[in-house]
>>> print(open('final.cif').read())   # mmCIF, C-alpha atoms
data_data
loop_
_atom_site.group_PDB
_atom_site.id
_atom_site.type_symbol
_atom_site.label_atom_id
_atom_site.label_comp_id
_atom_site.auth_asym_id
_atom_site.auth_seq_id
_atom_site.Cartn_x
_atom_site.Cartn_y
_atom_site.Cartn_z
ATOM 1 C CA MET A 300 22.240 -61.504 -37.112
ATOM 2 C CA ALA A 301 23.356 -59.925 -33.805
ATOM 3 C CA THR A 302 24.796 -56.963 -35.713
ATOM 4 C CA MET A 303 21.498 -56.497 -37.540
ATOM 5 C CA ARG A 304 19.554 -56.567 -34.266
ATOM 6 C CA CYS A 305 21.945 -54.006 -32.769
ATOM 7 C CA CYS A 306 21.564 -51.725 -35.764
ATOM 8 C CA ALA A 307 17.797 -52.066 -35.619
ATOM 9 C CA ALA A 308 17.786 -51.139 -31.934
ATOM 10 C CA LEU A 309 19.960 -48.106 -32.603
ATOM 11 C CA LEU A 310 17.621 -47.028 -35.391
ATOM 12 C CA LEU A 311 14.645 -47.297 -33.040
ATOM 13 C CA VAL A 312 16.381 -45.152 -30.417
ATOM 14 C CA ALA A 313 17.423 -42.602 -33.013
ATOM 15 C CA GLY A 314 13.920 -42.582 -34.442
ATOM 16 C CA ALA A 315 12.386 -41.985 -31.033
ATOM 17 C CA ALA A 316 14.807 -39.140 -30.346
ATOM 18 C CA PHE A 317 14.041 -37.603 -33.736
ATOM 19 C CA ALA A 318 10.305 -37.902 -33.130
ATOM 20 C CA ALA A 319 10.640 -36.229 -29.716
ATOM 21 C CA GLY A 320 12.682 -33.413 -31.224
ATOM 22 C CA ALA A 321 10.217 -32.975 -34.062
ATOM 23 C CA ALA A 322 7.304 -32.913 -31.614
ATOM 24 C CA ALA A 323 9.018 -30.208 -29.580
ATOM 25 C CA GLN A 324 9.645 -28.127 -32.701
ATOM 26 C CA ALA A 325 6.001 -28.485 -33.726
ATOM 27 C CA TYR A 326 4.752 -27.615 -30.224
ATOM 28 C CA PRO A 327 2.389 -25.958 -29.783
ATOM 29 C CA SER A 328 0.226 -26.647 -32.801
ATOM 30 C CA GLN A 329 -3.034 -25.753 -31.047
ATOM 31 C CA PRO A 330 -4.206 -23.448 -28.205
ATOM 32 C CA VAL A 331 -2.794 -24.123 -24.738
ATOM 33 C CA ARG A 332 -5.243 -24.318 -21.842
ATOM 34 C CA MET A 333 -4.243 -22.750 -18.517
ATOM 35 C CA LEU A 334 -6.348 -24.018 -15.610
ATOM 36 C CA VAL A 335 -6.872 -21.749 -12.614
ATOM 37 C CA GLY A 336 -8.400 -22.987 -9.358
ATOM 38 C CA TYR A 337 -10.196 -19.703 -8.688
ATOM 39 C CA GLY A 338 -12.827 -17.521 -10.272
ATOM 40 C CA ALA A 339 -11.995 -14.572 -12.492
ATOM 41 C CA GLY A 340 -10.224 -11.780 -10.655
ATOM 42 C CA GLY A 341 -8.379 -13.972 -8.150
ATOM 43 C CA GLY A 342 -4.629 -13.771 -7.694
ATOM 44 C CA ALA A 343 -3.628 -16.669 -9.936
ATOM 45 C CA ASP A 344 -6.167 -15.612 -12.569
ATOM 46 C CA THR A 345 -4.934 -12.010 -12.595
ATOM 47 C CA LEU A 346 -1.330 -13.186 -12.843
ATOM 48 C CA ILE A 347 -1.785 -15.434 -15.861
ATOM 49 C CA ARG A 348 -3.904 -12.845 -17.664
ATOM 50 C CA ALA A 349 -1.101 -10.321 -17.161
ATOM 51 C CA LEU A 350 1.352 -12.757 -18.770
ATOM 52 C CA ALA A 351 -0.850 -14.394 -21.412
ATOM 53 C CA PRO A 352 -0.662 -11.851 -24.289
ATOM 54 C CA GLU A 353 3.126 -11.927 -24.559
ATOM 55 C CA LEU A 354 3.529 -15.626 -23.729
ATOM 56 C CA GLY A 355 0.883 -16.598 -26.268
ATOM 57 C CA GLU A 356 2.602 -14.520 -28.936
ATOM 58 C CA LEU A 357 5.968 -16.144 -28.207
ATOM 59 C CA LEU A 358 4.424 -19.611 -28.394
ATOM 60 C CA GLY A 359 2.473 -18.719 -31.514
ATOM 61 C CA GLN A 360 -0.789 -19.945 -30.025
ATOM 62 C CA GLN A 361 -3.702 -18.632 -28.003
ATOM 63 C CA LEU A 362 -3.636 -19.230 -24.263
ATOM 64 C CA ILE A 363 -7.087 -20.168 -22.998
ATOM 65 C CA ILE A 364 -7.641 -19.264 -19.341
ATOM 66 C CA ASP A 365 -9.950 -21.897 -17.853
ATOM 67 C CA ASN A 366 -11.285 -20.945 -14.417
ATOM 68 C CA ARG A 367 -12.365 -23.977 -12.374
ATOM 69 C CA PRO A 368 -12.976 -22.777 -8.805
ATOM 70 C CA GLY A 369 -14.010 -25.132 -6.023
ATOM 71 C CA GLY A 370 -12.686 -27.646 -3.546
ATOM 72 C CA GLY A 371 -9.901 -25.371 -2.361
ATOM 73 C CA THR A 372 -8.431 -25.511 -5.916
ATOM 74 C CA VAL A 373 -8.542 -29.334 -5.861
ATOM 75 C CA ILE A 374 -11.018 -29.483 -8.782
ATOM 76 C CA ALA A 375 -8.701 -27.647 -11.164
ATOM 77 C CA THR A 376 -5.594 -29.419 -9.891
ATOM 78 C CA GLN A 377 -7.167 -32.844 -10.393
ATOM 79 C CA LEU A 378 -8.217 -31.977 -13.953
ATOM 80 C CA VAL A 379 -4.626 -31.149 -14.846
ATOM 81 C CA ALA A 380 -3.251 -34.258 -13.128
ATOM 82 C CA ALA A 381 -5.620 -36.411 -15.217
ATOM 83 C CA SER A 382 -4.906 -34.590 -18.499
ATOM 84 C CA LYS A 383 -2.858 -35.938 -21.373
ATOM 85 C CA PRO A 384 0.819 -35.059 -20.770
ATOM 86 C CA ASP A 385 1.335 -33.220 -24.039
ATOM 87 C CA GLY A 386 1.804 -29.630 -22.891
ATOM 88 C CA TYR A 387 -1.650 -28.449 -23.912
ATOM 89 C CA THR A 388 -3.087 -28.425 -20.380
ATOM 90 C CA LEU A 389 -1.173 -26.559 -17.674
ATOM 91 C CA TYR A 390 -1.939 -25.521 -14.107
ATOM 92 C CA VAL A 391 -1.366 -22.083 -12.602
ATOM 93 C CA ALA A 392 -0.274 -23.170 -9.135
ATOM 94 C CA ASP A 393 -0.172 -21.007 -6.026
ATOM 95 C CA ASN A 394 0.101 -21.479 -2.272
ATOM 96 C CA ALA A 395 -2.995 -23.724 -2.188
ATOM 97 C CA TYR A 396 -1.102 -26.350 -4.199
ATOM 98 C CA ILE A 397 1.644 -26.215 -1.556
ATOM 99 C CA VAL A 398 -0.555 -26.459 1.545
ATOM 100 C CA ASN A 399 -3.364 -28.785 0.422
ATOM 101 C CA PRO A 400 -1.397 -32.011 1.041
ATOM 102 C CA PHE A 401 -1.054 -30.991 4.694
ATOM 103 C CA LEU A 402 -4.613 -29.735 5.105
ATOM 104 C CA MET A 403 -6.488 -32.640 3.509
ATOM 105 C CA SER A 404 -6.134 -36.294 4.397
ATOM 106 C CA LYS A 405 -7.025 -37.498 0.915
ATOM 107 C CA LEU A 406 -6.301 -35.828 -2.416
ATOM 108 C CA PRO A 407 -7.244 -37.316 -5.807
ATOM 109 C CA TYR A 408 -3.665 -36.829 -7.011
ATOM 110 C CA ASP A 409 -0.111 -36.887 -5.685
ATOM 111 C CA SER A 410 1.065 -33.309 -5.294
ATOM 112 C CA LEU A 411 4.610 -34.182 -6.364
ATOM 113 C CA LYS A 412 4.363 -37.299 -8.525
ATOM 114 C CA SER A 413 1.371 -36.143 -10.603
ATOM 115 C CA PHE A 414 3.052 -32.975 -11.905
ATOM 116 C CA THR A 415 6.155 -31.652 -13.599
ATOM 117 C CA PRO A 416 7.332 -28.128 -12.694
ATOM 118 C CA VAL A 417 7.624 -25.764 -15.668
ATOM 119 C CA ILE A 418 8.591 -22.382 -14.252
ATOM 120 C CA ALA A 419 8.186 -20.156 -11.202
ATOM 121 C CA LEU A 420 6.322 -17.053 -12.359
ATOM 122 C CA SER A 421 6.099 -14.710 -9.391
ATOM 123 C CA SER A 422 6.361 -14.113 -5.691
ATOM 124 C CA ASP A 423 4.379 -11.660 -3.612
ATOM 125 C CA SER A 424 4.140 -10.445 -0.046
ATOM 126 C CA GLN A 425 1.014 -10.699 2.063
ATOM 127 C CA VAL A 426 -0.268 -7.714 3.997
ATOM 128 C CA LEU A 427 -1.013 -8.814 7.528
ATOM 129 C CA ALA A 428 -3.154 -7.333 10.272
ATOM 130 C CA PHE A 429 -5.282 -4.881 8.398
ATOM 131 C CA VAL A 430 -8.052 -3.743 10.699
ATOM 132 C CA HIS A 431 -11.263 -1.783 10.656
ATOM 133 C CA PRO A 432 -10.475 1.847 11.553
ATOM 134 C CA SER A 433 -12.820 1.657 14.537
ATOM 135 C CA LEU A 434 -10.542 -0.849 16.277
ATOM 136 C CA PRO A 435 -8.515 1.184 18.812
ATOM 137 C CA VAL A 436 -5.089 0.091 17.551
ATOM 138 C CA ARG A 437 -2.619 1.805 15.242
ATOM 139 C CA THR A 438 0.337 -0.537 15.518
ATOM 140 C CA LEU A 439 0.925 -4.262 15.560
ATOM 141 C CA LYS A 440 2.159 -4.017 19.171
ATOM 142 C CA GLU A 441 -1.126 -2.414 20.173
ATOM 143 C CA LEU A 442 -3.101 -5.133 18.387
ATOM 144 C CA ILE A 443 -1.188 -7.877 20.192
ATOM 145 C CA ALA A 444 -1.621 -6.092 23.526
ATOM 146 C CA LEU A 445 -5.368 -5.727 22.936
ATOM 147 C CA ALA A 446 -5.686 -9.392 21.983
ATOM 148 C CA LYS A 447 -3.875 -10.427 25.151
ATOM 149 C CA ALA A 448 -6.197 -8.259 27.212
ATOM 150 C CA ARG A 449 -9.270 -9.722 25.487
ATOM 151 C CA PRO A 450 -8.389 -13.371 24.732
ATOM 152 C CA GLY A 451 -10.730 -14.950 22.189
ATOM 153 C CA GLN A 452 -12.865 -11.820 21.872
ATOM 154 C CA LEU A 453 -11.244 -10.338 18.765
ATOM 155 C CA ASN A 454 -12.038 -12.076 15.490
ATOM 156 C CA PHE A 455 -10.246 -12.312 12.164
ATOM 157 C CA ALA A 456 -11.618 -13.046 8.698
ATOM 158 C CA SER A 457 -10.259 -15.278 5.951
ATOM 159 C CA GLY A 458 -11.443 -16.513 2.584
ATOM 160 C CA GLY A 459 -11.993 -19.980 4.037
ATOM 161 C CA ASN A 460 -10.424 -22.721 6.127
ATOM 162 C CA GLY A 461 -6.939 -23.554 4.944
ATOM 163 C CA THR A 462 -6.427 -20.404 2.887
ATOM 164 C CA LEU A 463 -3.209 -18.457 3.322
ATOM 165 C CA PRO A 464 -4.920 -15.671 5.337
ATOM 166 C CA HIS A 465 -6.289 -18.346 7.699
ATOM 167 C CA ILE A 466 -2.872 -19.917 8.104
ATOM 168 C CA MET A 467 -1.239 -16.530 8.641
ATOM 169 C CA GLY A 468 -3.776 -15.752 11.361
ATOM 170 C CA GLU A 469 -2.902 -19.012 13.080
ATOM 171 C CA MET A 470 0.798 -18.205 12.758
ATOM 172 C CA LEU A 471 0.320 -14.825 14.427
ATOM 173 C CA GLN A 472 -1.616 -16.374 17.309
ATOM 174 C CA SER A 473 1.045 -19.006 17.891
ATOM 175 C CA ALA A 474 4.029 -16.651 17.613
ATOM 176 C CA ALA A 475 2.519 -13.807 19.645
ATOM 177 C CA HIS A 476 0.812 -16.067 22.223
ATOM 178 C CA ILE A 477 -2.621 -14.582 21.639
ATOM 179 C CA ARG A 478 -6.042 -16.094 20.951
ATOM 180 C CA LEU A 479 -8.297 -14.823 18.146
ATOM 181 C CA ALA A 480 -11.586 -16.176 16.806
ATOM 182 C CA HIS A 481 -11.383 -17.284 13.174
ATOM 183 C CA ILE A 482 -14.349 -16.392 10.920
ATOM 184 C CA PRO A 483 -14.062 -18.158 7.519
ATOM 185 C CA TYR A 484 -15.871 -16.689 4.495
ATOM 186 C CA LYS A 485 -16.519 -18.141 1.057
ATOM 187 C CA SER A 486 -13.983 -15.908 -0.693
ATOM 188 C CA THR A 487 -11.190 -13.460 0.005
ATOM 189 C CA ALA A 488 -13.353 -10.623 -1.314
ATOM 190 C CA ALA A 489 -16.113 -11.504 1.156
ATOM 191 C CA ALA A 490 -13.621 -11.638 4.019
ATOM 192 C CA ILE A 491 -12.187 -8.233 3.163
ATOM 193 C CA PHE A 492 -15.700 -6.778 2.899
ATOM 194 C CA ALA A 493 -16.477 -8.174 6.349
ATOM 195 C CA VAL A 494 -13.579 -6.169 7.782
ATOM 196 C CA THR A 495 -14.414 -2.970 5.881
ATOM 197 C CA SER A 496 -18.020 -3.186 7.098
ATOM 198 C CA GLY A 497 -16.921 -3.661 10.703
ATOM 199 C CA GLU A 498 -18.457 -7.123 10.931
ATOM 200 C CA VAL A 499 -15.000 -8.531 11.724
ATOM 201 C CA SER A 500 -12.143 -6.677 13.382
ATOM 202 C CA ILE A 501 -9.033 -8.075 11.689
ATOM 203 C CA GLY A 502 -8.132 -9.417 8.263
ATOM 204 C CA PHE A 503 -5.171 -10.849 6.383
ATOM 205 C CA GLY A 504 -4.641 -10.526 2.641
ATOM 206 C CA GLY A 505 -2.566 -9.368 -0.307
ATOM 207 C CA ILE A 506 -1.489 -5.797 -1.006
ATOM 208 C CA PHE A 507 -3.258 -5.610 -4.353
ATOM 209 C CA ALA A 508 -6.569 -6.667 -2.812
ATOM 210 C CA VAL A 509 -6.568 -4.023 -0.072
ATOM 211 C CA LYS A 510 -4.518 -1.147 -1.470
ATOM 212 C CA GLY A 511 -7.492 0.928 -2.639
ATOM 213 C CA LEU A 512 -9.400 0.341 0.599
ATOM 214 C CA VAL A 513 -6.409 1.479 2.621
ATOM 215 C CA GLN A 514 -6.020 4.618 0.514
ATOM 216 C CA SER A 515 -9.702 5.449 0.973
ATOM 217 C CA GLY A 516 -9.456 5.037 4.746
ATOM 218 C CA LYS A 517 -11.716 1.981 4.950
ATOM 219 C CA LEU A 518 -8.904 -0.224 6.266
ATOM 220 C CA ARG A 519 -5.808 0.355 8.368
ATOM 221 C CA VAL A 520 -2.739 -1.801 7.656
ATOM 222 C CA LEU A 521 -0.434 -2.529 10.577
ATOM 223 C CA ALA A 522 2.354 -4.698 9.137
ATOM 224 C CA ILE A 523 3.475 -6.769 6.177
ATOM 225 C CA ALA A 524 4.668 -10.353 6.492
ATOM 226 C CA SER A 525 7.861 -10.025 4.519
ATOM 227 C CA GLY A 526 11.564 -9.512 5.036
ATOM 228 C CA VAL A 527 11.413 -6.133 3.296
ATOM 229 C CA ARG A 528 8.867 -3.387 2.774
ATOM 230 C CA ASN A 529 6.800 -3.400 -0.399
ATOM 231 C CA PRO A 530 7.233 -0.437 -2.799
ATOM 232 C CA LEU A 531 3.460 -0.247 -3.299
ATOM 233 C CA MET A 532 3.040 0.475 0.411
ATOM 234 C CA PRO A 533 6.437 1.703 1.570
ATOM 235 C CA GLN A 534 4.923 3.239 4.713
ATOM 236 C CA VAL A 535 3.880 -0.192 6.040
ATOM 237 C CA PRO A 536 6.542 -1.769 8.309
ATOM 238 C CA THR A 537 7.491 -5.426 8.228
ATOM 239 C CA PHE A 538 6.394 -7.568 11.152
ATOM 240 C CA ILE A 539 9.855 -7.367 12.694
ATOM 241 C CA GLU A 540 10.030 -3.586 12.258
ATOM 242 C CA ALA A 541 6.605 -3.329 13.892
ATOM 243 C CA GLY A 542 7.861 -5.196 16.943
ATOM 244 C CA GLY A 543 6.046 -8.417 16.112
ATOM 245 C CA PRO A 544 7.154 -11.992 15.448
ATOM 246 C CA PRO A 545 9.250 -12.632 12.297
ATOM 247 C CA LEU A 546 6.443 -14.014 10.136
ATOM 248 C CA ASP A 547 6.919 -14.456 6.392
ATOM 249 C CA GLY A 548 3.801 -14.735 4.241
ATOM 250 C CA THR A 549 5.546 -14.647 0.869
ATOM 251 C CA GLY A 550 3.624 -16.659 -1.692
ATOM 252 C CA TYR A 551 4.727 -18.131 -5.015
ATOM 253 C CA ARG A 552 2.938 -18.875 -8.278
ATOM 254 C CA GLY A 553 4.111 -20.928 -11.224
ATOM 255 C CA LEU A 554 3.190 -23.308 -14.015
ATOM 256 C CA LEU A 555 2.868 -27.077 -13.655
ATOM 257 C CA ALA A 556 2.333 -29.689 -16.361
ATOM 258 C CA PRO A 557 1.025 -33.242 -15.967
ATOM 259 C CA ALA A 558 3.707 -35.779 -15.081
ATOM 260 C CA GLY A 559 5.178 -37.398 -18.167
ATOM 261 C CA THR A 560 5.077 -34.273 -20.327
ATOM 262 C CA PRO A 561 8.083 -34.510 -22.702
ATOM 263 C CA ARG A 562 11.169 -32.666 -21.489
ATOM 264 C CA GLU A 563 11.435 -30.891 -24.850
ATOM 265 C CA VAL A 564 7.950 -29.434 -24.414
ATOM 266 C CA ILE A 565 8.680 -28.392 -20.825
ATOM 267 C CA MET A 566 11.829 -26.595 -21.938
ATOM 268 C CA ARG A 567 10.022 -24.801 -24.787
ATOM 269 C CA LEU A 568 7.409 -23.534 -22.351
ATOM 270 C CA ASN A 569 10.109 -22.577 -19.873
ATOM 271 C CA ALA A 570 12.178 -20.683 -22.443
ATOM 272 C CA GLU A 571 9.260 -18.650 -23.772
ATOM 273 C CA ALA A 572 7.906 -17.893 -20.291
ATOM 274 C CA ASN A 573 11.343 -16.644 -19.227
ATOM 275 C CA LYS A 574 11.380 -14.327 -22.233
ATOM 276 C CA ALA A 575 7.877 -13.051 -21.484
ATOM 277 C CA LEU A 576 8.743 -12.342 -17.847
ATOM 278 C CA LYS A 577 11.542 -10.018 -18.979
ATOM 279 C CA MET A 578 9.341 -7.938 -21.287
ATOM 280 C CA PRO A 579 8.724 -4.362 -20.084
ATOM 281 C CA ALA A 580 4.942 -4.588 -20.571
ATOM 282 C CA VAL A 581 4.733 -7.738 -18.449
ATOM 283 C CA ARG A 582 6.990 -6.343 -15.738
ATOM 284 C CA ALA A 583 4.876 -3.173 -15.612
ATOM 285 C CA ARG A 584 1.683 -5.216 -15.168
ATOM 286 C CA PHE A 585 3.319 -7.314 -12.472
ATOM 287 C CA ALA A 586 4.443 -4.163 -10.650
ATOM 288 C CA ASP A 587 0.866 -2.857 -10.694
ATOM 289 C CA LEU A 588 -0.234 -6.150 -9.121
ATOM 290 C CA ALA A 589 2.510 -6.080 -6.455
ATOM 291 C CA LEU A 590 4.072 -9.188 -7.995
ATOM 292 C CA THR A 591 7.802 -9.865 -8.312
ATOM 293 C CA PRO A 592 8.600 -11.732 -11.571
ATOM 294 C CA LEU A 593 10.789 -14.792 -11.071
ATOM 295 C CA GLY A 594 11.597 -17.192 -13.917
ATOM 296 C CA GLY A 595 14.458 -19.670 -13.922
ATOM 297 C CA THR A 596 14.652 -23.372 -14.736
ATOM 298 C CA PRO A 597 12.104 -26.110 -13.968
ATOM 299 C CA GLU A 598 14.554 -27.337 -11.344
ATOM 300 C CA ASP A 599 14.537 -23.901 -9.698
ATOM 301 C CA PHE A 600 10.759 -24.115 -9.363
ATOM 302 C CA ALA A 601 11.022 -27.665 -8.008
ATOM 303 C CA ARG A 602 13.358 -26.394 -5.279
ATOM 304 C CA ILE A 603 10.925 -23.595 -4.385
ATOM 305 C CA ILE A 604 8.088 -26.120 -4.133
ATOM 306 C CA ALA A 605 10.139 -28.396 -1.869
ATOM 307 C CA ALA A 606 11.202 -25.529 0.398
ATOM 308 C CA GLU A 607 7.670 -24.113 0.622
ATOM 309 C CA MET A 608 6.174 -27.524 1.427
ATOM 310 C CA ASP A 609 8.725 -27.969 4.178
ATOM 311 C CA LYS A 610 7.950 -24.505 5.580
ATOM 312 C CA TRP A 611 4.151 -24.537 5.405
ATOM 313 C CA GLY A 612 3.808 -28.201 6.289
ATOM 314 C CA GLY A 613 5.492 -27.574 9.625
ATOM 315 C CA ILE A 614 3.350 -24.515 10.316
ATOM 316 C CA ILE A 615 0.121 -26.357 9.528
ATOM 317 C CA ARG A 616 1.058 -29.380 11.642
ATOM 318 C CA ASP A 617 2.048 -27.206 14.592
ATOM 319 C CA ALA A 618 -1.217 -25.235 14.385
ATOM 320 C CA GLY A 619 -3.295 -28.398 13.942
ATOM 321 C CA ILE A 620 -5.175 -26.999 10.930
ATOM 322 C CA ARG A 621 -7.260 -29.533 8.973
ATOM 323 C CA VAL A 622 -9.752 -29.160 6.118
ATOM 324 C CA GLU A 623 -11.988 -32.137 5.345
#
>>> encode(input="final.cif", output="structure tokens")
Amino acid sequence: MATMRCCAALLLVAGAAFAAGAAAQAYPSQPVRMLVGYGAGGGADTLIRALAPELGELLGQQLIIDNRPGGGTVIATQLVAASKPDGYTLYVADNAYIVNPFLMSKLPYDSLKSFTPVIALSSDSQVLAFVHPSLPVRTLKELIALAKARPGQLNFASGGNGTLPHIMGEMLQSAAHIRLAHIPYKSTAAAIFAVTSGEVSIGFGGIFAVKGLVQSGKLRVLAIASGVRNPLMPQVPTFIEAGGPPLDGTGYRGLLAPAGTPREVIMRLNAEANKALKMPAVRARFADLALTPLGGTPEDFARIIAAEMDKWGGIIRDAGIRVE
């Protein structure tokens, strides 16, 4: 009798393993939904649309981009956390996913326990200290000197409280011992427009968002928050080269799945995304967007998340930034 029970248990385990393997082989059997916490045209949206044609072809299914802006990306993130863990609902995570736990006292999900990392897709540098051409500064040193001479009188724009441009502005103030007035707008596009129109003096944002405005003379870029110069704007010095504090505004984007998604499904998604990221057409699109393709294992992405949370959490706590 004991032998029969043992055999039955082994058959159950083997059956479960076979079923999991079969499910992974059959995945995906329907379109895969990619949730984005921003409207069309935002960074995460542009990234996944640059990757979707090749990734969808490798998976053999359509990728549906589902834009759910609002709540500082919390709306989209919560939808994914509450979704069935079957690999058919994924989240395109960016820096907001990293910083929200430190900005908000209550989130409707656990930023670590509610998700499973799939793959890191890209990194990108943030252009810092772009100014309206009428501001009498041409270098970062001159901007810092002017801010020290006029404490609290210069203002900077961001796409809202808690956004990366807001945090970077706070970092600059703390590191350079200056005081600026923060003006939050409803979107990054609105914040950039405020600087180009002269309504606000200083702005912080990504290269792709401001490149055309810089080329047309509507904005002047002073420095980039990165360890190296960006090939899209090789004339722009890093913060250190410009004589400023060693600030790093590198951001990361990647795919997350709901916690409990089968490992076999995660690895299928990871394998195909790694292949897509190496395709010339994808790499060309990423280069146009000033994005560096990453890839790697789910564990690699988990390590990036942990390191970024440690980095940004400390910055946010030190600056006392809260979003309620």
>>> closest_residue(input="final.cif", among="A:Leu362, A:Ala606, A:Met470, A:Val335", to="Tyr551 of chain A", atoms="all atoms listed in the file")
A:Ala606
>>> closest_residue(input="final.cif", among="A:Phe585, A:Phe507, A:Phe414, A:Phe492", to="Ala558 of chain A", atoms="all atoms listed in the file")
A:Phe414
>>> residues_around(input="final.cif", residues="Ile466 of chain A", least_positions_apart="5", cutoff="8 Å", atoms="only C-alpha atoms", output="JSON, numbers by chain")
{"A": [461, 615, 620]}
>>> atom_distance(input="final.cif", atom1="atom CA of Thr537 of chain A", atom2="atom CA of Ala524 of chain A")
5.9 Å
>>> residues_around(input="final.cif", residues="Ala601 of chain A", least_positions_apart="4", cutoff="12 Å", atoms="only C-alpha atoms", output="number ranges by chain")
A: 397, 410-412, 414-419, 551-555, 595-597, 605-608
>>> resolve_selection(input="final.cif", expression="the PyMOL selection byres ((chain A and resi 359) around 9)", output="ChimeraX atom specification")
/A:327-330,354-358,360-361
>>> atom_distance(input="final.cif", atom1="atom CA of Val513 of chain A", atom2="atom CA of His431 of chain A")
9.9 Å
>>> residues_around(input="final.cif", residues="Leu463 of chain A", least_positions_apart="2", cutoff="12 Å", atoms="only C-alpha atoms", output="JSON, numbers by chain")
{"A": [371, 393, 394, 395, 396, 397, 398, 399, 402, 424, 425, 426, 427, 456, 457, 458, 459, 460, 461, 465, 466, 467, 468, 469, 470, 483, 486, 487, 502, 503, 504, 505, 524, 547, 548, 549, 550, 551, 611, 614, 615, 620]}
>>> write_last_selection(input="final.cif", atoms="C-alpha atoms", output="compact mmCIF listing (two decimals), in the coordinates of the input")
# COMPACT_ATOMS: atom_id res chain seq x y z
CA GLY A 371 -9.90 -25.37 -2.36
CA ASP A 393 -0.17 -21.01 -6.03
CA ASN A 394 0.10 -21.48 -2.27
CA ALA A 395 -3.00 -23.72 -2.19
CA TYR A 396 -1.10 -26.35 -4.20
CA ILE A 397 1.64 -26.22 -1.56
CA VAL A 398 -0.56 -26.46 1.54
CA ASN A 399 -3.36 -28.78 0.42
CA LEU A 402 -4.61 -29.74 5.11
CA SER A 424 4.14 -10.44 -0.05
CA GLN A 425 1.01 -10.70 2.06
CA VAL A 426 -0.27 -7.71 4.00
CA LEU A 427 -1.01 -8.81 7.53
CA ALA A 456 -11.62 -13.05 8.70
CA SER A 457 -10.26 -15.28 5.95
CA GLY A 458 -11.44 -16.51 2.58
CA GLY A 459 -11.99 -19.98 4.04
CA ASN A 460 -10.42 -22.72 6.13
CA GLY A 461 -6.94 -23.55 4.94
CA HIS A 465 -6.29 -18.35 7.70
CA ILE A 466 -2.87 -19.92 8.10
CA MET A 467 -1.24 -16.53 8.64
CA GLY A 468 -3.78 -15.75 11.36
CA GLU A 469 -2.90 -19.01 13.08
CA MET A 470 0.80 -18.20 12.76
CA PRO A 483 -14.06 -18.16 7.52
CA SER A 486 -13.98 -15.91 -0.69
CA THR A 487 -11.19 -13.46 0.00
CA GLY A 502 -8.13 -9.42 8.26
CA PHE A 503 -5.17 -10.85 6.38
CA GLY A 504 -4.64 -10.53 2.64
CA GLY A 505 -2.57 -9.37 -0.31
CA ALA A 524 4.67 -10.35 6.49
CA ASP A 547 6.92 -14.46 6.39
CA GLY A 548 3.80 -14.74 4.24
CA THR A 549 5.55 -14.65 0.87
CA GLY A 550 3.62 -16.66 -1.69
CA TYR A 551 4.73 -18.13 -5.01
CA TRP A 611 4.15 -24.54 5.40
CA ILE A 614 3.35 -24.52 10.32
CA ILE A 615 0.12 -26.36 9.53
CA ILE A 620 -5.18 -27.00 10.93
>>> axis_aligned_box(input="final.cif", around="segment 427-435 of chain A", padding_each_side="3 Å", output="AutoDock Vina command-line options")
--center_x -6.9 --center_y -3.5 --center_z 13.2 --size_x 17.8 --size_y 16.7 --size_z 17.3
>>> atom_distance(input="final.cif", atom1="atom CA of Gly526 of chain A", atom2="atom CA of Gly342 of chain A")
21.0 Å
>>> residues_near_point(input="final.cif", point="(13.2, -16.9, -18.9)", cutoff="6 Å", atoms="all atoms listed in the file", output="ChimeraX atom specification")
/A:570,572-574,594-595
>>> resolve_selection(input="final.cif", expression="the PyMOL selection byres ((chain A and resi 542) around 12)", output="PyMOL selection string")
chain A and resi 438-444+475+521-523+536-541+543-546
>>> decode(input="final.cif", residues="segment 395-403 of chain A", atoms="N, CA and C atoms", output="mmCIF file, in the first residue's frame")
data_model
loop_
_atom_site.group_PDB
_atom_site.id
_atom_site.type_symbol
_atom_site.label_atom_id
_atom_site.label_comp_id
_atom_site.auth_asym_id
_atom_site.auth_seq_id
_atom_site.Cartn_x
_atom_site.Cartn_y
_atom_site.Cartn_z
ATOM 1 N N ALA A 395 9.507 55.261 -12.437
ATOM 2 C CA ALA A 395 8.392 55.505 -11.516
ATOM 3 C C ALA A 395 8.124 54.282 -10.642
ATOM 4 N N TYR A 396 8.254 53.094 -11.220
ATOM 5 C CA TYR A 396 8.080 51.860 -10.445
ATOM 6 C C TYR A 396 9.109 51.788 -9.316
ATOM 7 N N ILE A 397 10.314 52.277 -9.590
ATOM 8 C CA ILE A 397 11.396 52.248 -8.603
ATOM 9 C C ILE A 397 11.140 53.232 -7.472
ATOM 10 N N VAL A 398 10.717 54.463 -7.811
ATOM 11 C CA VAL A 398 10.653 55.520 -6.798
ATOM 12 C C VAL A 398 9.322 55.592 -6.059
ATOM 13 N N ASN A 399 8.245 55.078 -6.642
ATOM 14 C CA ASN A 399 6.930 55.234 -6.007
ATOM 15 C C ASN A 399 6.855 54.703 -4.574
ATOM 16 N N PRO A 400 7.499 53.579 -4.251
ATOM 17 C CA PRO A 400 7.417 53.113 -2.857
ATOM 18 C C PRO A 400 7.983 54.100 -1.848
ATOM 19 N N PHE A 401 8.888 54.968 -2.296
ATOM 20 C CA PHE A 401 9.510 55.937 -1.392
ATOM 21 C C PHE A 401 8.785 57.278 -1.406
ATOM 22 N N LEU A 402 7.991 57.502 -2.450
ATOM 23 C CA LEU A 402 7.266 58.764 -2.570
ATOM 24 C C LEU A 402 5.881 58.706 -1.941
ATOM 25 N N MET A 403 5.275 57.521 -1.930
ATOM 26 C CA MET A 403 3.889 57.368 -1.496
ATOM 27 C C MET A 403 3.812 56.464 -0.277
#
